[in-house]
There are 2 protein chains.
Amino acid sequence: MTSTRERILESALNIFSNKGYHDTKLDEIAAESETSKGSIYFHFPNKERLFLSLVDQFADLLERRVTAAIEPLPPGMGRVQVALETCLQTFGKYRRPAKILLVQATGLGQPFEQKRNEVNDRFARLIDGYLQEAVAIGDITAVDSEVTAHAWMGAIYALVIRWVYTGEPEPQRIIDSLVPLLLRSVGYVNEPITNNQ
Amino acid sequence: MTSTRERILESALNIFSNKGYHDTKLDEIAAESETSKGSIYFHFPNKERLFLSLVDQFADLLERRVTAAIEPLPPGMGRVQVALETCLQTFGKYRRPAKILLVQATGLGQPFEQKRNEVNDRFARLIDGYLQEAVAIGDITAVDSEVTAHAWMGAIYALVIRWVYTGEPEPQRIIDSLVPLLLRSVGYVNEPITNNQ
């Protein structure tokens, strides 16, 4: 049984991702979630907070999936690889939340930029930590893990945003090309290199 | 002697980057450039077009500097490296235009997003072309140059945006860490690797 709060979030995700932030009315969310405006206001002080809660919800989901996927693995670059793959798979599976998180949240002003930066820093720290582990156990040589983490986030964002906008490149192509590219960028190669010269 | 149009763009850059897009008034730009609102409207139909012209101006500058820097070099990864360094140096030298191009242009709505995507695609194609050259002459093995180009743009954006917002990491650190990282990501290593294991 889903709670009222969850029903509201689910409907809000539908309507925000179809109509955009500005054109979404709380009345529509109330109707679709079979709740009421009063009930929405009980859980979320305003439309802005409701939207930001969706961003948080997706960031939480992403982090949960990544940490669950790497937990059984020993520290090292295997973890980094699985974290990247899981992150990209999750975006691929949830195009609408990805659109809200990465596209719509840009350009809505200060509180949204702040939330985006907060989520961004949270994942950058996660990557940074895994990279430092991999360096510590000797899987890769020392790297500027902070710069690397932000570079990777930027690379992931750029490709996921492009996919959300245009449908290209497809999630599987992003995973197949981007994950080896990012791993190589810290000097880690886990696949046979075919020299085509 | 600078033209009226150039004086207007120069003042617009100052005022937009200090006050932000929404709080900038054309009257202030007219006053600082010692022109008139009539004269601004003669060159730019409205505030939005004036702002977008600044984005174009900076993108043109960036492309001019990159192509001038690589022109004397033979095709190959040397060109790619110099293109990346020149791009990052140019951002480092022009923090205010970088701020306008990368930060303020986000979240102003459709025409701005479109311009940003246009500039982004233009530079992605530039990188894509250099990478294909480098593959063709055998400097690197085949890569998905389109995915690589967008990943690199995303990585560069992420770090430059971070620097514009927070002052960290400094442009020289970005160049020192990010350029080798990006080159390694396509399997190109131009520096001795020190193994610290």
# chains A, B, ... in the order shown; residues from 1 in each chain; ligands from 1
>>> interface_residues(of="chain A", to="chain B", cutoff="9 Å", atoms="only C-alpha atoms", output="VMD selection string")
chain A and resid 104 to 109 113 135 to 144 147 to 148 150 to 159 162 169 173 to 174 177 to 178 180 to 187 193 to 197
>>> residues_around(residues="Thr67 in chain B", least_positions_apart="6", cutoff="12 Å", atoms="only C-alpha atoms", output="compact mmCIF listing (two decimals) with N, CA and C atoms, in the first residue's frame")
# COMPACT_ATOMS: atom_id res chain seq x y z
N ASP B 60 32.84 32.36 -30.52
CA ASP B 60 33.71 32.68 -31.66
C ASP B 60 35.16 32.86 -31.21
N LEU B 61 35.33 33.62 -30.12
CA LEU B 61 36.67 33.84 -29.59
C LEU B 61 37.34 32.52 -29.25
N LEU B 73 50.24 22.88 -36.12
CA LEU B 73 50.59 21.51 -35.76
C LEU B 73 50.09 20.50 -36.78
N ARG B 79 47.47 17.90 -31.63
CA ARG B 79 46.43 18.91 -31.87
C ARG B 79 45.34 18.83 -30.81
N VAL B 80 44.92 17.62 -30.52
CA VAL B 80 43.85 17.44 -29.54
C VAL B 80 44.29 18.03 -28.19
N VAL B 82 46.61 20.35 -27.55
CA VAL B 82 46.70 21.81 -27.59
C VAL B 82 45.31 22.44 -27.63
N ALA B 83 44.39 21.81 -28.32
CA ALA B 83 43.02 22.33 -28.36
C ALA B 83 42.41 22.35 -26.96
N LEU B 84 42.61 21.27 -26.21
CA LEU B 84 42.07 21.21 -24.85
C LEU B 84 42.72 22.26 -23.95
N GLU B 85 44.04 22.36 -24.04
CA GLU B 85 44.75 23.33 -23.19
C GLU B 85 44.33 24.76 -23.52
N THR B 86 44.21 25.05 -24.81
CA THR B 86 43.83 26.40 -25.22
C THR B 86 42.42 26.73 -24.77
N CYS B 87 41.53 25.79 -24.88
CA CYS B 87 40.15 25.98 -24.45
C CYS B 87 40.11 26.30 -22.95
N PHE B 123 31.19 22.79 -30.65
CA PHE B 123 32.49 22.40 -30.10
C PHE B 123 32.64 20.88 -30.05
N LEU B 126 33.81 19.88 -33.36
CA LEU B 126 35.23 20.26 -33.51
C LEU B 126 36.11 19.17 -32.89
N ILE B 127 35.81 18.79 -31.65
CA ILE B 127 36.58 17.75 -30.96
C ILE B 127 36.48 16.43 -31.72
N TYR B 130 38.81 16.38 -34.67
CA TYR B 130 40.23 16.19 -34.29
C TYR B 130 40.49 14.75 -33.87
>>> closest_residue(among="B:Glu28, B:Glu71, B:Glu170, B:Asp23", to="Phe91 in chain B", atoms="only C-alpha atoms")
B:Glu170
>>> residues_around(residues="range 32-47 of chain B", least_positions_apart="5", cutoff="12 Å", atoms="only C-alpha atoms", output="VMD selection string")
chain B and resid 2 to 16 21 to 27 52 to 54
>>> atom_distance(atom1="CA of Leu101 in chain A", atom2="CA of Glu48 in chain A")
13.4 Å
>>> atom_distance(atom1="CA of Ser17 in chain A", atom2="CA of Gln114 in chain B")
19.0 Å
>>> decode(residues="range 38-128 of chain B", atoms="C-alpha atoms", output="short mmCIF file (atom, residue, chain, number, x, y, z; two decimals), in the first residue's frame")
data_model
loop_
_atom_site.label_atom_id
_atom_site.label_comp_id
_atom_site.auth_asym_id
_atom_site.auth_seq_id
_atom_site.Cartn_x
_atom_site.Cartn_y
_atom_site.Cartn_z
CA GLY B 38 18.04 53.79 -29.58
CA SER B 39 21.53 52.84 -30.59
CA ILE B 40 21.32 49.51 -28.69
CA TYR B 41 18.02 48.72 -30.42
CA PHE B 42 19.60 49.59 -33.77
CA HIS B 43 22.15 46.77 -33.24
CA PHE B 44 20.12 44.33 -31.15
CA PRO B 45 16.34 43.90 -31.38
CA ASN B 46 16.02 43.24 -27.63
CA LYS B 47 17.82 42.33 -24.41
CA GLU B 48 17.60 38.62 -25.19
CA ARG B 49 19.31 39.01 -28.58
CA LEU B 50 22.00 41.19 -27.00
CA PHE B 51 22.71 38.51 -24.44
CA LEU B 52 22.77 35.75 -27.05
CA SER B 53 25.21 37.84 -29.12
CA LEU B 54 27.58 37.81 -26.15
CA VAL B 55 27.38 34.04 -26.04
CA ASP B 56 28.15 33.90 -29.76
CA GLN B 57 30.99 36.36 -29.36
CA PHE B 58 32.65 34.25 -26.68
CA ALA B 59 32.11 31.02 -28.60
CA ASP B 60 33.71 32.68 -31.66
CA LEU B 61 36.67 33.84 -29.59
CA LEU B 62 37.11 30.37 -28.14
CA GLU B 63 36.98 28.71 -31.54
CA ARG B 64 39.37 31.29 -33.06
CA ARG B 65 41.93 30.77 -30.31
CA VAL B 66 41.70 26.99 -30.51
CA THR B 67 42.02 26.83 -34.30
CA ALA B 68 44.88 29.38 -34.31
CA ALA B 69 46.74 27.33 -31.70
CA ILE B 70 46.46 24.03 -33.53
CA GLU B 71 46.91 25.28 -37.10
CA PRO B 72 50.73 25.09 -37.05
CA LEU B 73 50.59 21.51 -35.76
CA PRO B 74 50.30 18.32 -37.81
CA PRO B 75 47.09 16.28 -37.40
CA GLY B 76 47.05 13.91 -34.45
CA MET B 77 46.80 13.84 -30.69
CA GLY B 78 49.21 16.80 -30.36
CA ARG B 79 46.43 18.91 -31.87
CA VAL B 80 43.85 17.44 -29.54
CA GLN B 81 46.04 18.21 -26.53
CA VAL B 82 46.70 21.81 -27.59
CA ALA B 83 43.02 22.33 -28.36
CA LEU B 84 42.07 21.21 -24.85
CA GLU B 85 44.75 23.33 -23.19
CA THR B 86 43.83 26.40 -25.22
CA CYS B 87 40.15 25.98 -24.45
CA LEU B 88 40.81 25.73 -20.70
CA GLN B 89 43.30 28.62 -20.76
CA THR B 90 40.73 30.79 -22.54
CA PHE B 91 38.06 30.02 -19.94
CA GLY B 92 40.63 30.76 -17.23
CA LYS B 93 41.49 34.12 -18.77
CA TYR B 94 37.89 35.16 -19.32
CA ARG B 95 36.00 34.28 -16.19
CA ARG B 96 33.18 36.74 -16.78
CA PRO B 97 32.26 35.55 -20.27
CA ALA B 98 32.65 31.98 -19.02
CA LYS B 99 30.18 32.77 -16.27
CA ILE B 100 27.72 34.20 -18.75
CA LEU B 101 28.13 31.37 -21.21
CA LEU B 102 28.06 28.48 -18.77
CA VAL B 103 26.15 29.63 -15.74
CA GLN B 104 23.80 32.47 -16.55
CA ALA B 105 22.71 31.04 -19.89
CA THR B 106 21.29 28.03 -18.08
CA GLY B 107 17.79 28.45 -16.79
CA LEU B 108 16.75 31.45 -18.83
CA GLY B 109 14.40 29.39 -20.92
CA GLN B 110 14.07 28.00 -24.41
CA PRO B 111 16.08 30.41 -26.63
CA PHE B 112 19.01 30.26 -24.21
CA GLU B 113 18.94 26.49 -23.92
CA GLN B 114 18.83 26.30 -27.69
CA LYS B 115 21.84 28.59 -28.04
CA ARG B 116 23.75 26.61 -25.42
CA ASN B 117 22.98 23.34 -27.22
CA GLU B 118 24.04 24.95 -30.50
CA VAL B 119 27.38 26.13 -29.08
CA ASN B 120 27.85 22.79 -27.35
CA ASP B 121 27.25 20.82 -30.55
CA ARG B 122 29.60 23.12 -32.48
CA PHE B 123 32.49 22.40 -30.10
CA ALA B 124 31.60 18.72 -29.84
CA ARG B 125 31.87 18.46 -33.63
CA LEU B 126 35.23 20.26 -33.51
CA ILE B 127 36.58 17.75 -30.96
CA ASP B 128 35.00 14.86 -32.85
#
